[in-house]
file final02.cif (mmCIF, C-alpha atoms)
data_start
#
loop_
_atom_site.label_atom_id
_atom_site.label_comp_id
_atom_site.auth_asym_id
_atom_site.auth_seq_id
_atom_site.Cartn_x
_atom_site.Cartn_y
_atom_site.Cartn_z
CA GLY A 302 7.81 5.08 2.12
CA PRO A 303 9.69 8.34 2.84
CA ILE A 304 10.32 7.23 6.43
CA LEU A 305 11.95 4.01 5.24
CA THR A 306 14.06 5.71 2.59
CA VAL A 307 15.34 8.37 5.01
CA LEU A 308 16.19 5.71 7.59
CA LEU A 309 18.07 3.76 4.92
CA LEU A 310 19.91 6.94 3.99
CA GLY A 311 20.95 7.29 7.63
CA MET A 312 22.57 3.86 7.49
CA PHE A 313 24.98 4.99 4.76
CA TYR A 314 25.30 8.71 5.49
CA ASN A 315 28.23 9.88 7.58
CA SER A 316 26.61 12.22 10.09
CA SER A 317 29.69 12.89 12.22
CA GLY A 318 30.09 16.36 10.78
CA ALA A 319 26.40 17.21 10.55
CA ASP A 320 25.39 20.43 12.26
CA TYR A 321 22.81 23.13 11.88
CA GLY A 322 23.50 26.70 11.00
CA ALA A 323 21.99 29.88 12.31
CA PHE A 324 18.49 30.74 11.16
CA TYR A 325 17.83 33.93 9.26
CA SER A 326 14.62 35.67 10.24
CA TYR A 327 13.48 38.53 8.06
CA GLN A 328 13.38 41.74 10.04
CA VAL A 329 10.62 44.04 8.82
CA SER A 330 9.40 47.21 10.46
CA ASP A 331 6.26 47.92 8.42
CA SER A 332 3.96 46.45 5.78
CA ALA A 333 5.78 48.24 2.95
CA GLN A 334 9.07 46.55 3.86
CA ALA A 335 7.27 43.18 4.14
CA ALA A 336 5.79 43.67 0.66
CA GLN A 337 9.25 44.51 -0.64
CA GLU A 338 10.63 41.25 0.77
CA PHE A 339 7.86 39.31 -0.99
CA ALA A 340 8.51 41.10 -4.28
CA ASN A 341 12.25 40.48 -4.08
CA ASN A 342 11.89 36.75 -3.41
CA LEU A 343 8.91 35.98 -5.67
CA PRO A 344 11.04 35.47 -8.83
CA LYS A 345 13.24 32.93 -7.01
CA TYR A 346 10.35 30.70 -5.98
CA THR A 347 8.56 31.23 -9.28
CA GLY A 348 11.60 29.76 -11.02
CA GLU A 349 11.65 26.78 -8.65
CA VAL A 350 7.98 26.04 -9.33
CA ALA A 351 8.48 26.43 -13.09
CA SER A 352 11.36 23.94 -13.10
CA THR A 353 9.24 21.51 -11.07
CA LEU A 354 6.14 21.74 -13.26
CA LEU A 355 8.01 21.79 -16.58
CA PRO A 356 8.58 17.99 -16.80
CA ILE A 357 4.89 17.38 -16.08
CA VAL A 358 3.85 19.83 -18.79
CA VAL A 359 6.27 18.28 -21.28
CA VAL A 360 4.92 14.78 -20.60
CA PHE A 361 1.35 16.05 -21.04
CA VAL A 362 2.16 17.80 -24.33
CA VAL A 363 3.96 14.76 -25.76
CA PHE A 364 1.15 12.44 -24.64
CA ASN A 365 -1.50 14.65 -26.22
CA LEU A 366 0.42 14.97 -29.51
CA LEU A 367 0.71 11.19 -29.75
CA THR A 368 -2.81 10.23 -28.68
CA ARG A 369 -4.95 13.33 -29.36
CA ARG A 370 -7.01 12.46 -26.28
CA PHE A 371 -7.54 16.06 -25.15
CA ARG A 372 -9.22 18.53 -27.46
CA ASN A 373 -10.93 21.89 -27.26
CA ARG A 374 -12.65 22.26 -23.88
CA HIS A 375 -10.66 19.56 -22.07
CA LEU A 376 -7.39 20.97 -23.37
CA VAL A 377 -8.31 24.49 -22.25
CA ARG A 378 -9.34 23.27 -18.80
CA THR A 379 -6.11 21.31 -18.38
CA CYS A 380 -3.98 24.27 -19.41
CA ALA A 381 -5.92 26.52 -17.05
CA GLY A 382 -5.25 24.02 -14.28
CA TYR A 383 -1.51 24.21 -14.93
CA VAL A 384 -1.67 28.02 -14.80
CA TYR A 385 -3.58 27.95 -11.50
CA ALA A 386 -1.14 25.41 -10.06
CA PHE A 387 1.84 27.51 -11.16
CA LEU A 388 0.48 30.73 -9.67
CA GLY A 389 -0.77 29.08 -6.50
CA LEU A 390 2.45 27.21 -5.76
CA SER A 391 4.55 30.29 -6.49
CA LEU A 392 2.57 32.45 -4.08
CA PHE A 393 2.38 29.65 -1.51
CA LEU A 394 6.13 28.96 -1.43
CA THR A 395 6.90 32.68 -1.28
CA GLY A 396 4.47 33.18 1.61
CA VAL A 397 5.79 30.12 3.44
CA ASN A 398 9.46 31.04 3.20
CA ILE A 399 9.09 34.79 3.69
CA GLY A 400 6.14 34.87 6.07
CA PHE A 401 5.12 31.68 7.84
CA MET A 402 8.47 30.12 8.69
CA PRO A 403 10.17 33.28 10.04
CA THR A 404 7.01 34.12 11.98
CA GLY A 405 6.83 30.65 13.51
CA LEU A 406 10.52 30.79 14.42
CA TYR A 407 10.17 34.24 16.01
CA LEU A 408 7.07 33.21 17.93
CA GLY A 409 8.88 30.14 19.28
CA GLU A 410 11.83 32.26 20.42
CA GLN A 411 9.46 34.57 22.32
CA LEU A 412 7.52 31.69 23.86
CA ALA A 413 10.75 30.27 25.29
CA GLY A 414 10.91 33.23 27.69
CA VAL A 415 7.46 32.63 29.16
CA GLU A 416 7.43 31.74 32.86
CA PRO A 417 6.67 29.27 34.32
CA ARG A 418 8.32 27.20 31.59
CA TRP A 419 5.62 24.50 31.44
CA THR A 420 3.07 27.03 30.16
CA VAL A 421 4.84 26.75 26.79
CA VAL A 422 3.33 23.26 26.52
CA LEU A 423 -0.19 24.59 27.07
CA ILE A 424 0.30 27.44 24.58
CA ALA A 425 1.63 25.02 21.95
CA MET A 426 -1.37 22.72 22.51
CA LEU A 427 -3.75 25.65 22.07
CA ILE A 428 -2.03 26.71 18.83
CA GLY A 429 -2.03 23.14 17.54
CA PHE A 430 -5.74 22.76 18.33
CA PHE A 431 -6.66 25.61 15.98
CA VAL A 432 -3.88 25.36 13.36
CA VAL A 433 -5.10 22.00 12.05
CA ARG A 434 -8.46 23.56 11.14
CA ALA A 435 -6.65 25.70 8.56
CA GLU A 436 -5.17 22.67 6.75
CA PRO A 437 -6.73 22.58 3.24
CA SER A 438 -6.34 18.80 2.96
CA VAL A 439 -8.09 18.33 6.31
CA GLN A 440 -11.09 20.29 5.05
CA VAL A 441 -11.28 18.09 1.94
CA LEU A 442 -10.99 14.85 3.92
CA ASN A 443 -13.65 15.91 6.45
CA ARG A 444 -16.10 16.69 3.67
CA GLN A 445 -15.40 13.40 1.89
CA VAL A 446 -15.84 11.38 5.09
CA GLU A 447 -19.16 13.07 5.85
CA GLU A 448 -20.46 12.48 2.32
CA ILE A 449 -19.33 8.85 2.05
CA THR A 450 -20.70 7.88 5.49
CA ASN A 451 -23.99 9.76 4.85
CA GLY A 452 -23.39 11.91 7.92
CA ALA A 453 -22.67 8.99 10.28
CA VAL A 454 -19.22 10.51 10.81
CA SER A 455 -19.86 14.23 10.74
CA ARG A 456 -17.46 16.96 9.74
CA ASN A 457 -17.52 18.43 13.25
CA THR A 458 -16.61 15.05 14.76
CA MET A 459 -13.60 14.80 12.47
CA LYS A 460 -12.53 18.36 13.26
CA THR A 461 -12.75 17.75 16.99
CA ALA A 462 -10.83 14.48 16.85
CA LEU A 463 -8.08 15.93 14.67
CA SER A 464 -7.80 19.10 16.76
CA ILE A 465 -7.38 17.08 19.94
CA GLY A 466 -4.78 14.87 18.27
CA ILE A 467 -2.70 17.76 16.93
CA ALA A 468 -2.93 19.57 20.28
CA VAL A 469 -1.52 16.49 22.01
CA SER A 470 1.28 16.14 19.46
CA ALA A 471 2.22 19.83 19.84
CA GLY A 472 2.31 19.45 23.61
CA LEU A 473 4.46 16.32 23.42
CA SER A 474 6.85 18.09 21.06
CA MET A 475 7.32 20.92 23.54
CA ILE A 476 7.89 18.39 26.33
CA ARG A 477 10.66 16.89 24.19
CA VAL A 478 12.25 20.31 23.75
CA LEU A 479 12.06 21.13 27.46
CA THR A 480 13.26 17.77 28.75
CA GLY A 481 15.35 16.31 25.91
CA ILE A 482 13.46 12.98 26.00
CA SER A 483 14.14 10.82 22.96
CA ILE A 484 11.43 10.73 20.32
CA TYR A 485 11.45 6.91 20.51
CA TRP A 486 9.62 7.09 23.86
CA PHE A 487 6.70 8.77 22.10
CA LEU A 488 6.59 7.24 18.62
CA ILE A 489 7.07 3.55 19.42
CA PRO A 490 4.36 3.31 22.15
CA GLY A 491 2.06 5.58 20.12
CA TYR A 492 2.23 3.54 16.92
CA VAL A 493 2.02 0.25 18.82
CA PHE A 494 -1.11 1.49 20.61
CA SER A 495 -2.65 2.70 17.33
CA LEU A 496 -1.99 -0.70 15.71
CA ILE A 497 -3.59 -2.49 18.68
CA LEU A 498 -6.67 -0.31 18.32
CA THR A 499 -7.13 -1.46 14.72
CA PHE A 500 -8.27 -4.87 16.03
CA PHE A 501 -11.15 -3.35 18.03
CA VAL A 502 -12.52 -0.44 16.01
CA PRO A 503 -14.71 -0.64 12.89
CA LYS A 504 -12.69 -0.95 9.69
CA LEU A 505 -14.17 2.31 8.44
CA PHE A 506 -12.47 4.26 11.22
CA THR A 507 -9.16 2.47 10.70
CA GLY A 508 -8.88 3.70 7.13
CA ILE A 509 -10.05 7.20 8.05
CA ALA A 510 -7.56 7.37 10.93
CA PHE A 511 -4.53 6.50 8.81
CA ASP A 512 -5.57 8.94 6.09
CA SER A 513 -6.12 11.63 8.74
CA GLY A 514 -2.58 11.19 9.97
CA GLY A 515 -1.31 11.92 6.49
CA VAL A 516 -3.41 15.00 5.81
CA ALA A 517 -2.86 16.51 9.28
CA SER A 518 0.89 16.62 8.70
CA GLY A 519 0.46 19.08 5.86
CA PRO A 520 1.78 22.56 5.04
CA MET A 521 0.54 24.23 8.24
CA ALA A 522 2.36 21.74 10.49
CA THR A 523 5.54 21.84 8.42
CA THR A 524 5.73 25.58 7.80
CA PHE A 525 4.44 26.98 11.09
CA MET A 526 4.41 24.48 13.95
CA LEU A 527 7.82 22.96 13.18
CA PRO A 528 9.60 26.36 12.94
CA MET A 529 7.87 27.39 16.17
CA THR A 530 9.26 24.30 17.90
CA GLU A 531 12.67 25.01 16.42
CA GLY A 532 12.47 28.59 17.74
CA VAL A 533 11.77 27.38 21.28
CA CYS A 534 14.59 24.85 21.07
CA LEU A 535 17.00 27.45 19.68
CA ALA A 536 16.18 29.97 22.40
CA LEU A 537 16.65 27.37 25.14
CA GLY A 538 19.99 26.24 23.74
CA GLY A 539 18.83 22.74 22.80
CA ASN A 540 19.83 20.56 19.88
CA ILE A 541 17.40 21.29 17.06
CA LEU A 542 18.27 18.16 15.11
CA THR A 543 17.46 15.79 17.99
CA ASP A 544 14.94 17.76 20.06
CA ALA A 545 12.85 19.82 17.60
CA PHE A 546 12.64 17.66 14.49
CA GLY A 547 10.11 14.88 14.76
CA LEU A 548 7.07 17.08 15.39
CA VAL A 549 5.58 16.19 12.00
CA ALA A 550 5.93 12.49 12.84
CA MET A 551 3.90 12.97 16.03
CA VAL A 552 1.37 15.10 14.16
CA ALA A 553 0.92 12.14 11.82
CA MET A 554 0.70 9.69 14.76
CA THR A 555 -1.83 11.23 17.16
CA PRO A 556 -4.80 11.31 14.72
CA LEU A 557 -4.42 7.53 14.37
CA ILE A 558 -5.20 7.25 18.07
CA THR A 559 -7.86 9.94 18.48
CA ILE A 560 -9.88 8.95 15.38
CA GLN A 561 -9.85 5.29 16.41
CA ILE A 562 -10.88 6.18 19.96
CA PHE A 563 -13.80 8.06 18.45
CA GLY A 564 -14.45 4.89 16.45
CA LEU A 565 -14.65 2.90 19.70
CA VAL A 566 -17.12 5.41 21.11
CA TYR A 567 -19.16 5.21 17.90
CA LYS A 568 -19.12 1.41 18.09
CA ARG A 569 -20.31 1.40 21.72
CA ARG A 570 -23.12 3.85 20.94
CA SER A 571 -24.19 1.81 17.92
CA GLU A 572 -24.30 -1.35 20.04
CA ARG A 573 -26.42 0.42 22.66
CA ILE A 574 -28.82 1.73 20.03
CA ARG A 575 -29.17 -1.75 18.52
CA ALA A 576 -29.73 -3.25 21.98
CA VAL A 577 -32.44 -0.70 22.76
CA GLN A 578 -34.00 -1.33 19.35
CA ARG A 579 -34.08 -5.08 19.99
CA ILE A 580 -35.75 -4.52 23.35
CA ALA A 581 -38.29 -2.18 21.77
CA ASP A 582 -39.02 -4.69 19.01
CA ALA A 583 -39.45 -7.48 21.55
CA MET A 584 -41.82 -5.37 23.65
CA GLU A 585 -43.78 -4.45 20.52
CA ASP A 586 -44.11 -8.13 19.60
CA ASP A 587 -45.30 -8.95 23.12
CA ILE A 588 -47.89 -6.19 22.99
CA ILE A 589 -49.14 -7.38 19.60
CA GLU A 590 -49.42 -10.96 20.88
CA TYR A 591 -51.28 -9.75 23.98
CA LEU A 592 -53.75 -7.76 21.90
CA ASP A 593 -54.29 -10.72 19.58
CA CYS A 594 -55.02 -12.92 22.62
CA GLU A 595 -57.47 -10.35 23.95
CA GLU A 596 -59.33 -10.33 20.65
CA VAL A 597 -59.53 -14.12 20.62
CA VAL A 598 -60.80 -14.25 24.20
CA GLY A 599 -63.25 -11.45 23.52
#

call {"tool": "encode", "arguments": {"input": "final02.cif", "output": "C-alpha cells"}}
result
Amino acid sequence: GPILTVLLLGMFYNSSGADYGAFYSYQVSDSAQAAQEFANNLPKYTGEVASTLLPIVVVFVVFNLLTRRFRNRHLVRTCAGYVYAFLGLSLFLTGVNIGFMPTGLYLGEQLAGVEPRWTVVLIAMLIGFFVVRAEPSVQVLNRQVEEITNGAVSRNTMKTALSIGIAVSAGLSMIRVLTGISIYWFLIPGYVFSLILTFFVPKLFTGIAFDSGGVASGPMATTFMLPMTEGVCLALGGNILTDAFGLVAMVAMTPLITIQIFGLVYKRRSERIRAVQRIADAMEDDIIEYLDCEEVVG
C-alpha cells in the first residue's frame, strides 16, 4: 500500500528542485551533556505523541459514552494502556532522534574511511546480522510462529533465517553506495525470485516469509541501519536520495527469500523422513508376515 501511494505521488510531484540538506549530528562530550540533550528535546516529542494519540482517545471516549461497553476493570486497563503507549512512544521517539539516528550517521561516516573499501560491506553485514535480533516485532513473530507450528518451525530457525536475510540486505545496500548501482537491479530480481519460490514451498512458509519481511523492516532498520548507510554515502560524496535510500525495501525483501529457502529445506527433510518411515513400515510388515508364516509352518 505505502509503496504504491508513494510511487503515485512521484508521478505528480515535481522533483526537479528536490535536494537534501546537511545532517545535524548532536555533539556531546560526556553523559551529562547527552542527558541534557534528551531533557531539552523530550517535551517536543511528547507533544508530537500527544497530538497523535489524542484523536484515538477522543474516539474511544465518545464510543464508550454512547455504548457503555467498557466499565470498571476494562476501562482502567484501557486507560493504563494509553498511558503506557504515551510514555513509551515519547521515550522511544526521543531516543531515536537524539541517540540512535545521530549515532548511526556518525558510525557510517567513520566506516567510510576504512580501508580496503570493500570491508565496509562485511562490517555492514555483521551489524545487520545482529541488529535484527533486537527488533521487538521480530521477537513477537518468532514466538508466535513457534507456538502455532508446535515447534516445527523453531524460534532459533526463524532468528537464523532473518539474521542471514538482513545481513545480505545490509551488504547489498553498501554495494549500492560504493558502486552507485540502481536499486532496480536488486529489487526486481529479488521479488521475482521470491514470488517464484511461492510455487514450491509449503504455504505455511509463504505466509511466514511475507510477514517476516514486514516485521524485519521495523524501528531498528529505519532508525539505525538507514542512517548508517546515509553516513557512508555522505562521507563518500554520493547521492543520498538515490544511493542510500532503499535499504528498508531490501530489508523487507531478503527475508522473503531466506525464509522460503528454509521452507524448501524443511520440505525436503520432511519428504526424506516420510520416505524412511514408509520403508520402515514396509519392512515391519514383511517381518510380521514372515513370523506369521513361521508360526503356520511350525

call {"tool": "closest_residue", "arguments": {"input": "final02.cif", "among": "A:Thr530, A:Ser391, A:Thr368, A:Thr559", "to": "Leu408 in chain A", "atoms": "only C-alpha atoms"}}
result
A:Thr530

call {"tool": "atom_distance", "arguments": {"input": "final02.cif", "atom1": "CA of Arg570 in chain A", "atom2": "CA of Met554 in chain A"}}
result
25.3 Å

call {"tool": "atom_distance", "arguments": {"input": "final02.cif", "atom1": "CA of Phe339 in chain A", "atom2": "CA of Phe401 in chain A"}}
result
12.0 Å

call {"tool": "closest_residue", "arguments": {"input": "final02.cif", "among": "A:Ala536, A:Leu473, A:Ala453, A:Ile482", "to": "Ser571 in chain A", "atoms": "only C-alpha atoms"}}
result
A:Ala453

call {"tool": "atom_distance", "arguments": {"input": "final02.cif", "atom1": "CA of Ser455 in chain A", "atom2": "CA of Leu527 in chain A"}}
result
29.1 Å

call {"tool": "resolve_selection", "arguments": {"input": "final02.cif", "expression": "the PyMOL selection byres ((chain A and resi 544) around 10)", "output": "ChimeraX atom specification"}}
result
/A:474-484,530-531,534-535,539-543,545-548

call {"tool": "residues_near_point", "arguments": {"input": "final02.cif", "point": "(-2.5, 20.3, 5.3)", "cutoff": "8 Å", "atoms": "all atoms listed in the file", "output": "list in words"}}
result
Val433, Ala435, Glu436, Pro437, Ser438, Val439, Val516, Ala517, Ser518, Gly519, Pro520, Met521 and Ala522 of chain A

call {"tool": "write_last_selection", "arguments": {"input": "final02.cif", "atoms": "C-alpha atoms", "output": "PDB file, in the frame of the given file"}}
result
ATOM      1  CA  VAL A 433      -5.100  22.000  12.050  1.00  0.00           C
ATOM      2  CA  ALA A 435      -6.650  25.700   8.560  1.00  0.00           C
ATOM      3  CA  GLU A 436      -5.170  22.670   6.750  1.00  0.00           C
ATOM      4  CA  PRO A 437      -6.730  22.580   3.240  1.00  0.00           C
ATOM      5  CA  SER A 438      -6.340  18.800   2.960  1.00  0.00           C
ATOM      6  CA  VAL A 439      -8.090  18.330   6.310  1.00  0.00           C
ATOM      7  CA  VAL A 516      -3.410  15.000   5.810  1.00  0.00           C
ATOM      8  CA  ALA A 517      -2.860  16.510   9.280  1.00  0.00           C
ATOM      9  CA  SER A 518       0.890  16.620   8.700  1.00  0.00           C
ATOM     10  CA  GLY A 519       0.460  19.080   5.860  1.00  0.00           C
ATOM     11  CA  PRO A 520       1.780  22.560   5.040  1.00  0.00           C
ATOM     12  CA  MET A 521       0.540  24.230   8.240  1.00  0.00           C
ATOM     13  CA  ALA A 522       2.360  21.740  10.490  1.00  0.00           C
TER      14      ALA A 522
END

call {"tool": "residues_around", "arguments": {"input": "final02.cif", "residues": "Leu406 in chain A", "least_positions_apart": "4", "cutoff": "8 Å", "atoms": "all atoms listed in the file", "output": "NGL selection string"}}
result
:A and (326 or 402 or 410 or 525 or 528-533)

call {"tool": "build_atoms", "arguments": {"input": "final02.cif", "residues": "range 557-583 of chain A", "atoms": "N, CA and C atoms", "output": "PDB file, keeping the file's coordinate frame"}}
result
ATOM      1  N   LEU A 557      -4.154   8.969  14.419  1.00  0.00           N
ATOM      2  CA  LEU A 557      -4.420   7.530  14.370  1.00  0.00           C
ATOM      3  C   LEU A 557      -5.078   7.061  15.652  1.00  0.00           C
ATOM      4  N   ILE A 558      -4.668   7.654  16.767  1.00  0.00           N
ATOM      5  CA  ILE A 558      -5.200   7.250  18.070  1.00  0.00           C
ATOM      6  C   ILE A 558      -6.546   7.914  18.333  1.00  0.00           C
ATOM      7  N   THR A 559      -6.628   9.229  18.136  1.00  0.00           N
ATOM      8  CA  THR A 559      -7.860   9.940  18.480  1.00  0.00           C
ATOM      9  C   THR A 559      -9.032   9.519  17.586  1.00  0.00           C
ATOM     10  N   ILE A 560      -8.798   9.361  16.279  1.00  0.00           N
ATOM     11  CA  ILE A 560      -9.880   8.950  15.380  1.00  0.00           C
ATOM     12  C   ILE A 560     -10.363   7.550  15.738  1.00  0.00           C
ATOM     13  N   GLN A 561      -9.441   6.652  16.065  1.00  0.00           N
ATOM     14  CA  GLN A 561      -9.850   5.290  16.410  1.00  0.00           C
ATOM     15  C   GLN A 561     -10.546   5.235  17.762  1.00  0.00           C
ATOM     16  N   ILE A 562     -10.154   6.100  18.690  1.00  0.00           N
ATOM     17  CA  ILE A 562     -10.880   6.180  19.960  1.00  0.00           C
ATOM     18  C   ILE A 562     -12.305   6.662  19.715  1.00  0.00           C
ATOM     19  N   PHE A 563     -12.462   7.632  18.830  1.00  0.00           N
ATOM     20  CA  PHE A 563     -13.800   8.060  18.450  1.00  0.00           C
ATOM     21  C   PHE A 563     -14.555   6.906  17.796  1.00  0.00           C
ATOM     22  N   GLY A 564     -13.820   6.070  17.044  1.00  0.00           N
ATOM     23  CA  GLY A 564     -14.450   4.890  16.450  1.00  0.00           C
ATOM     24  C   GLY A 564     -14.944   3.922  17.495  1.00  0.00           C
ATOM     25  N   LEU A 565     -14.196   3.756  18.596  1.00  0.00           N
ATOM     26  CA  LEU A 565     -14.650   2.900  19.700  1.00  0.00           C
ATOM     27  C   LEU A 565     -15.912   3.453  20.335  1.00  0.00           C
ATOM     28  N   VAL A 566     -15.930   4.779  20.543  1.00  0.00           N
ATOM     29  CA  VAL A 566     -17.120   5.410  21.110  1.00  0.00           C
ATOM     30  C   VAL A 566     -18.320   5.224  20.178  1.00  0.00           C
ATOM     31  N   TYR A 567     -18.090   5.406  18.879  1.00  0.00           N
ATOM     32  CA  TYR A 567     -19.160   5.210  17.900  1.00  0.00           C
ATOM     33  C   TYR A 567     -19.658   3.769  17.919  1.00  0.00           C
ATOM     34  N   LYS A 568     -18.737   2.816  18.051  1.00  0.00           N
ATOM     35  CA  LYS A 568     -19.120   1.410  18.090  1.00  0.00           C
ATOM     36  C   LYS A 568     -19.956   1.105  19.326  1.00  0.00           C
ATOM     37  N   ARG A 569     -19.556   1.633  20.488  1.00  0.00           N
ATOM     38  CA  ARG A 569     -20.310   1.400  21.720  1.00  0.00           C
ATOM     39  C   ARG A 569     -21.716   2.008  21.619  1.00  0.00           C
ATOM     40  N   ARG A 570     -21.805   3.203  21.076  1.00  0.00           N
ATOM     41  CA  ARG A 570     -23.120   3.850  20.940  1.00  0.00           C
ATOM     42  C   ARG A 570     -24.003   3.074  19.974  1.00  0.00           C
ATOM     43  N   SER A 571     -23.413   2.594  18.889  1.00  0.00           N
ATOM     44  CA  SER A 571     -24.190   1.810  17.920  1.00  0.00           C
ATOM     45  C   SER A 571     -24.701   0.529  18.558  1.00  0.00           C
ATOM     46  N   GLU A 572     -23.875  -0.123  19.359  1.00  0.00           N
ATOM     47  CA  GLU A 572     -24.300  -1.350  20.040  1.00  0.00           C
ATOM     48  C   GLU A 572     -25.430  -1.060  21.025  1.00  0.00           C
ATOM     49  N   ARG A 573     -25.349   0.055  21.734  1.00  0.00           N
ATOM     50  CA  ARG A 573     -26.420   0.420  22.660  1.00  0.00           C
ATOM     51  C   ARG A 573     -27.725   0.699  21.923  1.00  0.00           C
ATOM     52  N   ILE A 574     -27.608   1.413  20.802  1.00  0.00           N
ATOM     53  CA  ILE A 574     -28.820   1.730  20.030  1.00  0.00           C
ATOM     54  C   ILE A 574     -29.461   0.447  19.509  1.00  0.00           C
ATOM     55  N   ARG A 575     -28.629  -0.486  19.016  1.00  0.00           N
ATOM     56  CA  ARG A 575     -29.170  -1.750  18.520  1.00  0.00           C
ATOM     57  C   ARG A 575     -29.800  -2.566  19.648  1.00  0.00           C
ATOM     58  N   ALA A 576     -29.166  -2.515  20.843  1.00  0.00           N
ATOM     59  CA  ALA A 576     -29.730  -3.250  21.980  1.00  0.00           C
ATOM     60  C   ALA A 576     -31.082  -2.665  22.383  1.00  0.00           C
ATOM     61  N   VAL A 577     -31.169  -1.350  22.422  1.00  0.00           N
ATOM     62  CA  VAL A 577     -32.440  -0.700  22.760  1.00  0.00           C
ATOM     63  C   VAL A 577     -33.495  -1.010  21.702  1.00  0.00           C
ATOM     64  N   GLN A 578     -33.064  -1.027  20.433  1.00  0.00           N
ATOM     65  CA  GLN A 578     -34.000  -1.330  19.350  1.00  0.00           C
ATOM     66  C   GLN A 578     -34.527  -2.751  19.451  1.00  0.00           C
ATOM     67  N   ARG A 579     -33.638  -3.693  19.824  1.00  0.00           N
ATOM     68  CA  ARG A 579     -34.080  -5.080  19.990  1.00  0.00           C
ATOM     69  C   ARG A 579     -35.076  -5.201  21.128  1.00  0.00           C
ATOM     70  N   ILE A 580     -34.814  -4.488  22.228  1.00  0.00           N
ATOM     71  CA  ILE A 580     -35.750  -4.520  23.350  1.00  0.00           C
ATOM     72  C   ILE A 580     -37.089  -3.939  22.953  1.00  0.00           C
ATOM     73  N   ALA A 581     -37.039  -2.815  22.210  1.00  0.00           N
ATOM     74  CA  ALA A 581     -38.290  -2.180  21.770  1.00  0.00           C
ATOM     75  C   ALA A 581     -39.057  -3.097  20.834  1.00  0.00           C
ATOM     76  N   ASP A 582     -38.349  -3.772  19.923  1.00  0.00           N
ATOM     77  CA  ASP A 582     -39.020  -4.690  19.010  1.00  0.00           C
ATOM     78  C   ASP A 582     -39.643  -5.861  19.763  1.00  0.00           C
ATOM     79  N   ALA A 583     -38.911  -6.370  20.768  1.00  0.00           N
ATOM     80  CA  ALA A 583     -39.450  -7.480  21.550  1.00  0.00           C
ATOM     81  C   ALA A 583     -40.690  -7.061  22.320  1.00  0.00           C
TER      82      ALA A 583
END
